[in-house]
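See below for my_file-v9.txt, which holds compact mmCIF, C-alpha atoms and all ligand atoms.
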```txt
# COMPACT_ATOMS: atom_id res chain seq x y z
CA MET A 1 0.00 0.00 0.00
CA ASP A 2 1.36 3.40 -0.93
CA LEU A 3 0.85 5.52 2.18
CA THR A 4 2.30 8.61 0.52
CA VAL A 5 -0.46 8.62 -2.09
CA ARG A 6 -3.12 8.28 0.60
CA GLN A 7 -1.62 11.12 2.61
CA VAL A 8 -1.54 13.38 -0.44
CA ALA A 9 -5.14 12.48 -1.24
CA ARG A 10 -6.18 13.46 2.26
CA GLN A 11 -4.33 16.76 2.06
CA THR A 12 -6.21 17.76 -1.09
CA ALA A 13 -9.56 17.63 0.74
CA VAL A 14 -9.26 21.27 1.77
CA VAL A 15 -12.28 23.47 2.50
CA ASP A 16 -11.85 27.16 1.80
CA LEU A 17 -13.73 29.16 4.43
CA THR A 18 -12.65 32.66 3.38
CA TRP A 19 -15.30 35.13 2.19
CA SER A 20 -14.74 36.92 -1.11
CA ASP A 21 -14.21 40.71 -1.22
CA LYS A 22 -17.78 41.11 -2.54
CA GLU A 23 -19.18 39.05 0.35
CA SER A 24 -17.14 41.00 2.91
CA ALA A 25 -18.40 44.29 1.42
CA PHE A 26 -21.96 42.93 1.66
CA ARG A 27 -21.37 42.10 5.33
CA ASP A 28 -20.08 45.63 5.99
CA GLU A 29 -23.12 47.12 4.29
CA CYS A 30 -25.65 45.13 6.31
CA ARG A 31 -23.73 45.63 9.56
CA THR A 32 -23.65 49.39 9.06
CA TRP A 33 -27.37 49.57 8.26
CA LEU A 34 -28.38 47.32 11.14
CA GLU A 35 -26.21 49.20 13.66
CA ALA A 36 -27.92 52.44 12.64
CA ASN A 37 -31.46 51.06 12.49
CA VAL A 38 -32.06 48.22 14.98
CA PRO A 39 -34.64 49.48 17.52
CA ASP A 40 -33.27 50.35 20.94
CA PRO A 41 -34.73 49.47 23.40
CA ALA A 42 -35.81 46.11 21.98
CA LEU A 43 -39.42 45.80 20.79
CA PRO A 44 -41.99 43.98 22.94
CA SER A 45 -42.64 40.34 21.93
CA GLY A 46 -44.05 40.05 18.40
CA ASP A 47 -46.34 37.30 19.71
CA THR A 48 -48.47 39.91 21.53
CA ARG A 49 -50.89 42.24 19.74
CA GLU A 50 -49.04 45.40 20.74
CA GLY A 51 -45.63 43.89 19.93
CA PHE A 52 -46.84 42.55 16.60
CA ALA A 53 -47.84 46.05 15.47
CA ALA A 54 -44.40 47.38 16.43
CA HIS A 55 -42.73 44.50 14.59
CA LEU A 56 -44.78 45.22 11.51
CA GLU A 57 -43.39 48.75 11.39
CA TRP A 58 -39.93 47.24 11.59
CA GLU A 59 -40.73 44.79 8.76
CA HIS A 60 -41.85 47.74 6.61
CA ARG A 61 -38.56 49.54 7.26
CA LEU A 62 -36.62 46.40 6.36
CA HIS A 63 -38.57 46.15 3.12
CA GLU A 64 -38.10 49.82 2.20
CA ALA A 65 -34.34 49.43 2.65
CA ARG A 66 -34.48 46.13 0.67
CA TRP A 67 -33.25 43.97 3.56
CA ALA A 68 -36.48 41.98 4.01
CA VAL A 69 -35.68 39.17 1.57
CA VAL A 70 -32.12 39.70 0.34
CA SER A 71 -31.85 36.49 -1.69
CA TRP A 72 -35.09 37.05 -3.67
CA PRO A 73 -35.21 38.66 -7.11
CA GLU A 74 -35.27 42.46 -7.14
CA ALA A 75 -38.72 42.40 -8.75
CA TYR A 76 -40.09 40.78 -5.58
CA GLY A 77 -38.35 43.20 -3.18
CA GLY A 78 -35.01 41.39 -2.82
CA ARG A 79 -31.42 42.09 -3.84
CA ASP A 80 -30.70 39.01 -5.95
CA ALA A 81 -28.14 38.14 -3.27
CA SER A 82 -26.54 34.68 -3.22
CA LEU A 83 -27.41 32.14 -0.54
CA TRP A 84 -23.98 32.79 0.96
CA GLU A 85 -24.85 36.48 1.25
CA TRP A 86 -28.18 35.57 2.80
CA LEU A 87 -26.28 33.54 5.41
CA ILE A 88 -24.06 36.57 6.10
CA PHE A 89 -27.15 38.78 6.43
CA GLU A 90 -28.67 36.36 8.92
CA GLU A 91 -25.46 36.31 10.99
CA GLU A 92 -25.38 40.09 11.09
CA TYR A 93 -29.10 40.30 11.83
CA TYR A 94 -28.83 38.17 14.96
CA ARG A 95 -25.48 39.67 15.95
CA ALA A 96 -27.13 43.11 15.96
CA GLY A 97 -29.95 41.82 18.19
CA ALA A 98 -32.55 42.78 15.55
CA PRO A 99 -36.24 41.94 16.16
CA GLN A 100 -37.74 38.49 15.56
CA ARG A 101 -39.29 38.25 12.07
CA VAL A 102 -43.07 38.15 12.45
CA THR A 103 -43.24 37.53 8.69
CA GLN A 104 -41.16 34.37 9.06
CA ASN A 105 -43.85 31.78 8.33
CA GLY A 106 -44.42 33.47 4.99
CA ILE A 107 -40.92 34.34 3.86
CA PHE A 108 -39.04 31.38 5.33
CA LEU A 109 -41.62 28.56 5.09
CA LEU A 110 -44.21 29.28 2.41
CA ALA A 111 -42.13 31.35 -0.02
CA PRO A 112 -39.53 28.66 -0.84
CA SER A 113 -42.46 26.37 -1.74
CA ILE A 114 -44.07 29.10 -3.89
CA PHE A 115 -40.74 29.47 -5.72
CA GLU A 116 -40.65 25.68 -6.23
CA PHE A 117 -44.31 24.82 -6.90
CA GLY A 118 -46.17 28.10 -7.62
CA THR A 119 -47.29 29.15 -11.08
CA PRO A 120 -45.55 32.27 -12.48
CA ALA A 121 -48.80 34.18 -11.83
CA GLN A 122 -48.84 33.02 -8.18
CA GLN A 123 -45.20 34.02 -7.73
CA ASP A 124 -45.85 37.49 -9.20
CA HIS A 125 -48.96 37.93 -7.08
CA TYR A 126 -48.03 36.56 -3.67
CA LEU A 127 -44.27 37.12 -3.29
CA PRO A 128 -44.07 40.95 -3.57
CA ARG A 129 -47.01 41.31 -1.17
CA MET A 130 -45.32 38.93 1.25
CA SER A 131 -41.92 40.68 1.18
CA ALA A 132 -43.66 44.04 1.73
CA ALA A 133 -45.42 42.55 4.80
CA GLU A 134 -48.81 43.35 3.26
CA ASP A 135 -49.93 39.72 3.27
CA LEU A 136 -49.02 38.07 6.57
CA TRP A 137 -49.05 34.28 6.45
CA CYS A 138 -49.59 31.72 9.18
CA GLN A 139 -49.25 27.95 9.00
CA GLY A 140 -52.44 25.88 9.24
CA TRP A 141 -51.23 22.32 9.52
CA SER A 142 -51.85 21.06 13.06
CA GLU A 143 -55.33 19.98 14.06
CA PRO A 144 -56.71 18.70 17.38
CA ASN A 145 -56.02 15.13 16.19
CA ALA A 146 -53.13 15.71 13.80
CA GLY A 147 -49.79 16.92 15.20
CA SER A 148 -46.74 14.65 14.96
CA ASP A 149 -48.88 12.54 12.66
CA LEU A 150 -49.62 15.31 10.17
CA ALA A 151 -51.11 12.93 7.61
CA ALA A 152 -54.03 12.42 10.01
CA VAL A 153 -55.50 15.83 9.06
CA SER A 154 -59.26 15.59 8.72
CA SER A 155 -60.11 19.13 7.51
CA ARG A 156 -61.55 18.59 4.08
CA ALA A 157 -62.13 20.40 0.81
CA VAL A 158 -65.09 19.39 -1.35
CA ARG A 159 -65.24 20.13 -5.07
CA ASP A 160 -67.75 22.80 -6.21
CA ASP A 161 -67.82 22.49 -9.99
CA ASP A 162 -70.55 25.09 -10.46
CA ALA A 163 -68.57 27.79 -8.68
CA GLY A 164 -65.21 26.57 -10.04
CA GLY A 165 -63.38 25.85 -6.83
CA TRP A 166 -63.38 24.09 -3.45
CA ARG A 167 -65.32 24.39 -0.19
CA LEU A 168 -63.16 24.01 2.93
CA THR A 169 -64.36 22.80 6.33
CA GLY A 170 -62.41 21.91 9.47
CA GLN A 171 -60.34 23.14 12.40
CA LYS A 172 -56.67 24.07 12.59
CA THR A 173 -54.89 24.73 15.89
CA TRP A 174 -51.61 26.04 17.37
CA THR A 175 -51.53 28.54 14.51
CA THR A 176 -48.66 30.85 15.46
CA ARG A 177 -49.64 34.54 15.25
CA GLY A 178 -52.83 33.41 13.51
CA ALA A 179 -54.73 36.05 15.47
CA PHE A 180 -52.66 38.79 13.79
CA CYS A 181 -52.11 37.42 10.27
CA THR A 182 -54.06 37.96 7.04
CA HIS A 183 -53.62 34.58 5.30
CA VAL A 184 -53.17 30.91 6.15
CA PHE A 185 -51.56 28.06 4.18
CA GLY A 186 -52.77 24.61 5.09
CA LEU A 187 -53.39 21.00 4.15
CA PHE A 188 -56.96 19.83 3.44
CA ARG A 189 -58.20 16.38 2.49
CA THR A 190 -59.51 16.43 -1.08
CA ASP A 191 -59.82 12.67 -1.54
CA GLY A 192 -61.29 10.83 1.44
CA GLU A 193 -60.81 7.45 -0.31
CA ALA A 194 -57.07 7.76 -0.98
CA GLU A 195 -54.31 6.42 1.27
CA ARG A 196 -53.89 9.14 3.88
CA HIS A 197 -50.72 10.85 2.56
CA ARG A 198 -52.09 10.90 -0.98
CA GLY A 199 -55.47 12.60 -0.78
CA LEU A 200 -54.26 15.98 0.50
CA THR A 201 -54.09 19.37 -1.20
CA TYR A 202 -52.14 22.50 -0.16
CA PHE A 203 -54.47 25.52 0.00
CA LEU A 204 -53.78 29.25 0.29
CA VAL A 205 -56.64 30.99 2.11
CA PRO A 206 -57.30 34.65 3.07
CA LEU A 207 -58.41 34.84 6.69
CA ASP A 208 -61.09 37.42 5.85
CA ALA A 209 -62.91 34.95 3.55
CA ASP A 210 -66.55 34.20 4.38
CA GLY A 211 -66.76 31.24 6.75
CA VAL A 212 -63.35 31.67 8.43
CA THR A 213 -63.30 32.23 12.20
CA VAL A 214 -60.01 32.94 13.97
CA ARG A 215 -60.01 32.49 17.72
CA GLY A 216 -56.84 33.65 19.48
CA PHE A 217 -55.59 32.05 22.70
CA GLY A 218 -52.63 32.45 25.01
CA ARG A 219 -49.43 30.45 25.36
CA LEU A 220 -48.01 29.19 28.65
CA ASP A 221 -45.43 32.01 28.60
CA GLY A 222 -48.24 34.59 28.57
CA ASP A 223 -48.02 35.66 24.92
CA GLU A 224 -51.33 35.60 23.09
CA GLY A 225 -50.19 34.81 19.55
CA PHE A 226 -51.64 31.30 19.09
CA ALA A 227 -54.96 30.81 17.33
CA GLU A 228 -57.46 28.21 16.31
CA VAL A 229 -58.67 28.68 12.72
CA PHE A 230 -62.12 27.33 11.89
CA CYS A 231 -63.27 26.93 8.28
CA ASP A 232 -66.98 26.52 7.69
CA ASP A 233 -67.74 26.01 3.99
CA VAL A 234 -65.04 28.48 2.91
CA PHE A 235 -64.88 28.94 -0.87
CA VAL A 236 -61.44 28.91 -2.54
CA PRO A 237 -61.39 29.35 -6.33
CA ASP A 238 -59.38 27.26 -8.79
CA ASN A 239 -56.10 28.83 -9.87
CA PRO A 240 -56.68 31.24 -12.77
CA ALA A 241 -55.98 30.00 -16.30
CA ASP A 242 -52.78 31.40 -17.87
CA SER A 243 -54.93 33.08 -20.53
CA LEU A 244 -56.99 35.09 -18.02
CA ASP A 245 -56.65 38.88 -18.04
CA PRO A 246 -53.98 39.79 -15.36
CA ALA A 247 -56.35 42.00 -13.35
CA GLU A 248 -58.99 39.26 -13.22
CA ALA A 249 -56.31 36.69 -12.36
CA ALA A 250 -55.10 38.88 -9.48
CA ALA A 251 -58.69 39.25 -8.21
CA THR A 252 -59.07 35.46 -8.28
CA MET A 253 -55.79 34.84 -6.43
CA HIS A 254 -56.84 37.42 -3.87
CA ARG A 255 -59.51 34.91 -2.85
CA GLY A 256 -56.96 32.12 -2.43
CA GLY A 257 -55.77 29.17 -4.47
CA ILE A 258 -53.93 25.87 -4.56
CA LEU A 259 -50.15 25.44 -4.36
CA GLY A 260 -48.98 22.54 -6.54
CA GLU A 261 -51.39 19.97 -7.91
CA VAL A 262 -54.68 18.80 -6.42
CA HIS A 263 -54.13 15.68 -4.19
CA GLN A 264 -50.33 16.32 -4.26
CA GLY A 265 -50.24 18.48 -1.13
CA TRP A 266 -48.10 16.09 0.91
CA GLY A 267 -45.09 16.53 -1.38
CA VAL A 268 -45.44 20.32 -1.28
CA ALA A 269 -45.82 20.23 2.51
CA MET A 270 -42.65 18.17 2.85
CA ALA A 271 -40.79 20.80 0.83
CA THR A 272 -42.10 23.45 3.25
CA THR A 273 -41.00 21.24 6.13
CA THR A 274 -37.49 21.07 4.71
CA SER A 275 -37.36 24.88 5.00
CA GLU A 276 -38.86 24.80 8.49
CA ARG A 277 -36.53 22.18 9.94
CA GLY A 278 -33.46 23.03 7.94
CA LEU A 279 -31.66 26.13 6.92
CA THR A 280 -34.22 28.84 6.31
CA LEU A 281 -36.21 29.11 9.54
CA ARG A 282 -33.30 28.57 11.89
CA SER A 283 -30.09 29.79 10.36
CA PRO A 284 -26.95 29.37 12.51
CA GLY A 285 -26.57 33.11 13.23
CA ARG A 286 -29.42 32.81 15.73
CA PHE A 287 -27.56 30.25 17.87
CA GLN A 288 -24.13 31.86 17.43
CA ALA A 289 -25.57 35.12 18.75
CA THR A 290 -27.06 33.31 21.78
CA ALA A 291 -23.73 31.51 22.34
CA SER A 292 -21.89 34.82 22.21
CA ARG A 293 -24.26 36.32 24.84
CA LEU A 294 -23.69 33.19 26.93
CA LEU A 295 -19.91 33.72 26.79
CA ASP A 296 -20.37 37.34 27.93
CA LEU A 297 -22.48 36.12 30.83
CA ALA A 298 -19.89 33.46 31.74
CA ARG A 299 -17.11 36.08 31.71
CA SER A 300 -19.03 38.31 34.10
CA CYS A 301 -19.64 35.32 36.40
CA ASP A 302 -15.94 34.48 36.22
CA GLU A 303 -15.04 38.00 37.31
CA SER A 304 -17.26 37.67 40.35
CA GLY A 305 -15.85 34.19 41.11
CA ARG A 306 -19.12 32.35 40.35
CA LEU A 307 -17.96 30.25 37.38
CA GLY A 308 -17.09 26.70 38.43
CA GLU A 309 -15.22 24.28 36.16
CA ALA A 310 -18.26 22.14 35.35
CA LEU A 311 -20.33 25.13 34.33
CA ALA A 312 -17.45 26.55 32.29
CA ASP A 313 -17.26 23.23 30.40
CA ARG A 314 -20.99 23.36 29.58
CA VAL A 315 -20.65 26.92 28.30
CA VAL A 316 -17.74 25.94 26.07
CA ASP A 317 -19.55 22.82 24.83
CA ALA A 318 -22.64 24.85 23.92
CA TRP A 319 -20.52 27.47 22.14
CA VAL A 320 -18.65 24.76 20.20
CA ASP A 321 -21.97 23.18 19.17
CA ALA A 322 -23.25 26.53 17.85
CA GLU A 323 -20.06 26.86 15.78
CA ALA A 324 -20.39 23.24 14.62
CA TYR A 325 -23.93 23.95 13.41
CA ALA A 326 -22.64 26.97 11.48
CA LEU A 327 -19.95 24.84 9.79
CA TYR A 328 -22.43 22.05 9.04
CA THR A 329 -24.69 24.64 7.44
CA LEU A 330 -21.94 25.66 5.03
CA GLY A 331 -22.15 22.11 3.70
CA ASP A 332 -25.93 22.45 3.34
CA VAL A 333 -25.58 25.69 1.40
CA THR A 334 -22.91 24.18 -0.84
CA GLY A 335 -25.36 21.36 -1.63
CA ILE A 336 -28.23 23.75 -2.38
CA VAL A 337 -26.02 25.96 -4.57
CA GLU A 338 -25.03 22.80 -6.48
CA GLY A 339 -28.72 21.88 -6.92
CA ARG A 340 -29.21 19.30 -4.14
CA SER A 341 -32.09 19.90 -1.72
CA PRO A 342 -31.35 18.95 1.91
CA GLY A 343 -34.68 17.04 1.83
CA ALA A 344 -35.37 14.75 4.76
CA LYS A 345 -31.85 15.38 6.08
CA SER A 346 -33.21 18.69 7.42
CA SER A 347 -34.78 16.66 10.24
CA PHE A 348 -31.23 16.13 11.59
CA ASN A 349 -30.72 19.90 11.63
CA LYS A 350 -33.95 20.35 13.53
CA ILE A 351 -33.09 17.87 16.26
CA PHE A 352 -29.64 19.43 16.60
CA TRP A 353 -30.65 23.12 16.72
CA SER A 354 -33.67 22.57 18.98
CA GLU A 355 -31.65 20.62 21.56
CA LEU A 356 -28.75 23.07 21.27
CA ASP A 357 -31.09 25.98 22.00
CA VAL A 358 -32.26 24.30 25.21
CA ARG A 359 -28.62 23.63 26.28
CA LEU A 360 -27.58 27.23 25.61
CA HIS A 361 -30.44 28.60 27.71
CA GLU A 362 -30.08 26.03 30.51
CA ALA A 363 -26.40 26.95 30.87
CA ALA A 364 -27.36 30.64 31.08
CA LEU A 365 -30.00 29.99 33.77
CA ASP A 366 -27.51 27.94 35.79
CA LEU A 367 -24.96 30.75 35.53
CA LEU A 368 -27.55 33.23 36.74
CA GLY A 369 -28.58 30.98 39.63
CA PRO A 370 -31.52 32.37 41.65
CA ASP A 371 -31.32 35.63 39.62
CA ALA A 372 -32.54 33.69 36.58
CA GLU A 373 -36.11 34.14 37.78
CA LEU A 374 -35.67 37.89 37.38
CA ASP A 375 -33.87 37.89 34.03
CA GLY A 376 -36.46 38.63 31.34
CA PRO A 377 -34.57 37.84 28.11
CA TRP A 378 -32.86 34.60 29.25
CA MET A 379 -35.98 33.27 30.99
CA LYS A 380 -38.21 34.16 28.05
CA GLY A 381 -35.68 32.62 25.66
CA TYR A 382 -35.58 29.47 27.80
CA GLU A 383 -39.36 29.10 27.77
CA PHE A 384 -39.42 29.42 24.00
CA ALA A 385 -36.42 27.08 23.58
CA LEU A 386 -38.42 24.39 25.42
CA SER A 387 -40.97 24.47 22.59
CA GLY A 388 -38.27 23.85 19.95
CA PRO A 389 -38.36 20.04 20.31
CA ILE A 390 -42.16 20.26 19.75
CA TYR A 391 -42.86 22.69 16.91
CA ALA A 392 -41.86 21.88 13.32
CA GLY A 393 -42.63 18.24 14.20
CA THR A 394 -41.77 16.68 17.58
CA ASN A 395 -38.17 15.51 17.81
C1 LIG B 1 -44.32 27.19 19.78
C2 LIG B 1 -45.15 26.36 18.84
C3 LIG B 1 -45.58 26.91 17.65
C4 LIG B 1 -46.38 26.14 16.77
N1 LIG B 1 -46.82 26.75 15.63
C5 LIG B 1 -47.61 26.04 14.79
C6 LIG B 1 -48.12 26.67 13.60
O1 LIG B 1 -47.88 27.85 13.34
N2 LIG B 1 -48.90 25.94 12.78
C7 LIG B 1 -49.19 24.63 13.03
O2 LIG B 1 -49.87 24.03 12.20
N3 LIG B 1 -48.73 24.01 14.15
C8 LIG B 1 -47.95 24.69 15.03
N4 LIG B 1 -47.48 24.10 16.18
C9 LIG B 1 -47.94 22.74 16.52
C10 LIG B 1 -46.88 21.69 16.38
O3 LIG B 1 -46.60 21.44 15.03
C11 LIG B 1 -47.41 20.44 17.09
O4 LIG B 1 -47.48 20.75 18.47
C12 LIG B 1 -46.51 19.26 16.87
O5 LIG B 1 -46.59 18.81 15.54
C13 LIG B 1 -46.86 18.10 17.83
O6 LIG B 1 -48.19 17.78 17.70
P1 LIG B 1 -49.14 17.63 18.99
O7 LIG B 1 -48.99 18.88 19.79
O8 LIG B 1 -50.48 17.25 18.50
O9 LIG B 1 -48.51 16.47 19.87
P2 LIG B 1 -48.65 14.91 19.61
O10 LIG B 1 -48.37 14.61 18.18
O11 LIG B 1 -49.93 14.45 20.19
O12 LIG B 1 -47.47 14.38 20.48
C14 LIG B 1 -47.56 14.31 21.93
C15 LIG B 1 -46.37 13.55 22.42
O13 LIG B 1 -46.34 12.20 21.89
C16 LIG B 1 -45.10 11.95 21.21
N5 LIG B 1 -45.35 11.14 20.01
C17 LIG B 1 -46.25 11.38 19.05
N6 LIG B 1 -46.19 10.42 18.11
C18 LIG B 1 -45.22 9.57 18.49
C19 LIG B 1 -44.68 8.37 17.91
N7 LIG B 1 -45.12 7.87 16.78
N8 LIG B 1 -43.66 7.78 18.56
C20 LIG B 1 -43.19 8.27 19.73
N9 LIG B 1 -43.68 9.38 20.32
C21 LIG B 1 -44.66 10.03 19.70
C22 LIG B 1 -44.56 13.34 20.85
O14 LIG B 1 -43.16 13.33 20.71
C23 LIG B 1 -45.02 14.17 22.02
O15 LIG B 1 -44.14 14.06 23.09
C24 LIG B 1 -46.70 24.81 17.08
C25 LIG B 1 -46.25 24.25 18.28
C26 LIG B 1 -45.50 25.02 19.16
C27 LIG B 1 -45.04 24.41 20.44
```

Let me see whether you can do it: turn the structure in this file into structure tokens.
Amino acid sequence: MDLTVRQVARQTAVVDLTWSDKESAFRDECRTWLEANVPDPALPSGDTREGFAAHLEWEHRLHEARWAVVSWPEAYGGRDASLWEWLIFEEEYYRAGAPQRVTQNGIFLLAPSIFEFGTPAQQDHYLPRMSAAEDLWCQGWSEPNAGSDLAAVSSRAVRDDDAGGWRLTGQKTWTTRGAFCTHVFGLFRTDGEAERHRGLTYFLVPLDADGVTVRGFGRLDGDEGFAEVFCDDVFVPDNPADSLDPAEAAATMHRGGILGEVHQGWGVAMATTTSERGLTLRSPGRFQATASRLLDLARSCDESGRLGEALADRVVDAWVDAEAYALYTLGDVTGIVEGRSPGAKSSFNKIFWSELDVRLHEAALDLLGPDAELDGPWMKGYEFALSGPIYAGTN
């Protein structure tokens, strides 16, 4: 065996982690804008009615400055930035302590599926309104008897040939910010006879349609952003034909539509899930920023002699894991840029980031000791971190 050849082969497997001059200039530009514009003091939680309104103003400022959706085409409010630049933007966004994105279920979950499965008319209609935070989307998947087992959804859509569309009936629950949003995307059963993953269709529904009732309710942490969404014979029209006059087509899409093909909703939903569990919803910048705050906290505890060796090890482990997730993500982005979707592999990301978030916050609470009860941001962050292993599909 020729060891020299093997050693040379190993040495050639080099990963270049340096950013280009263009990417560094992009980072400088977003850092400068964020430093000048991030609200101080921080906004109240966007999962309360008052906080949501304040966050909406922030979303409008982001859009006006073209930072709302950097990687989207300019025509839809973006900057045509690369995915690498998007990753840089996300890092800078969290580093600056900028507000949570109350538009996230639209721009990070639904939009990638509209880019993949939407008709050109749907893309032109929905995406600019979404990036401008005019249409605010919530996710209507879970039902009282369909959570981890999403294919158990029983909300149904019945064909109405005379009216040219579908009539939706059923109940969705745990709809994040549903009480404040304008639109919902959700799965409805269009073929009751088909095997359960096969008879589903992915609908886009305005929440002001006749027959929709949205009932808000509070979360355990006190925020009121959850909702139940009831559909009672809600009419959603068929997607407009390509030949239809654009103004008429827009009026039709205003009343809702179908994403992808009828009965093919499961495949579209799994694409949305890839975005939710993988890169787009939870980019690594979020956890690196938390890890960096954790290090600051550990340093202050060290100065006052309160940092024992065991706790210091947990802080370092959590920080290393946040960096590991960032490096792992670079592999994901490389794959996407080369045309490979992360697909089901995104479930690994989700387990990793949700458990990491709990570890980061637990370490912080242990550093704070009895003072943790009084620390708003860490305690609030901890309570939300505990829901990470549940939402987006239980770990
Ligand atoms: C903060 C938050 C935000 C959310 N936002 C939304 C939203 O915007 N839209 C939306 O549609 N939904 C949303 N959800 C709902 C979420 O998707 C569901 O809570 C989740 O899918 C779990 O479903 P469930 O609550 O019905 O629990 P269940 O599915 O009933 O699970 C209960 C327990 O049983 C376990 N379990 C279930 N099946 C199995 C199995 N086969 N093997 C082993 N153990 C199992 C689970 O792990 C869990 O511990 C949100 C949830 C949270 C916490």

> Using all atoms listed in the file, which of A:Ala42, A:Leu168, A:Leu62, A:Leu307 sits nearest Thr103 (chain A)?
Replying inline: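 The shortest atom-to-atom distance to Thr103 (chain A) comes from A:Leu62.
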
Starting from 8 Å padding per side, set up an axis-aligned box that covers all listed atoms of region 304-315 of chain A and hand over centre and edge lengths in Å, one decimal, as lines of an AutoDock Vina configuration file.
```
center_x = -18.1
center_y = 29.9
center_z = 34.7
size_x = 21.8
size_y = 31.5
size_z = 28.8
```

> Hey, can you check how far CA of Pro41 (chain A) sits from CA of Gln288 (chain A)?
Replying inline: 21.4 Å

>> Which residue is closest to ligand LIG 1 (chain B)? Choose from A:Cys30, A:Leu360, A:Ala179, A:Ala247 and count all atoms listed in the file.
In response: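 Looking only at the distances to ligand LIG 1 (chain B), the closest residue turns out to be A:Ala179.
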
> What do you get as a PyMOL selection string if you pick all residues at most 9 Å from ligand LIG 1 (chain B), counting only C-alpha atoms and all ligand atoms?
Replying inline: chain A and resi 105+138-150+172-178+186+219+226-227+384-395

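Our summary of the geometry notes that CA of Asp221 (chain A) is positioned 9.8 Å from CA of Met379 (chain A).
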
> So, counting all atoms listed in the file, which residue among A:Ser243, A:Asn37, A:Ser275, A:Thr182 is closest to Trp137 (chain A)?
Replying inline: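 Looking only at the distances to Trp137 (chain A), the closest residue turns out to be A:Thr182.
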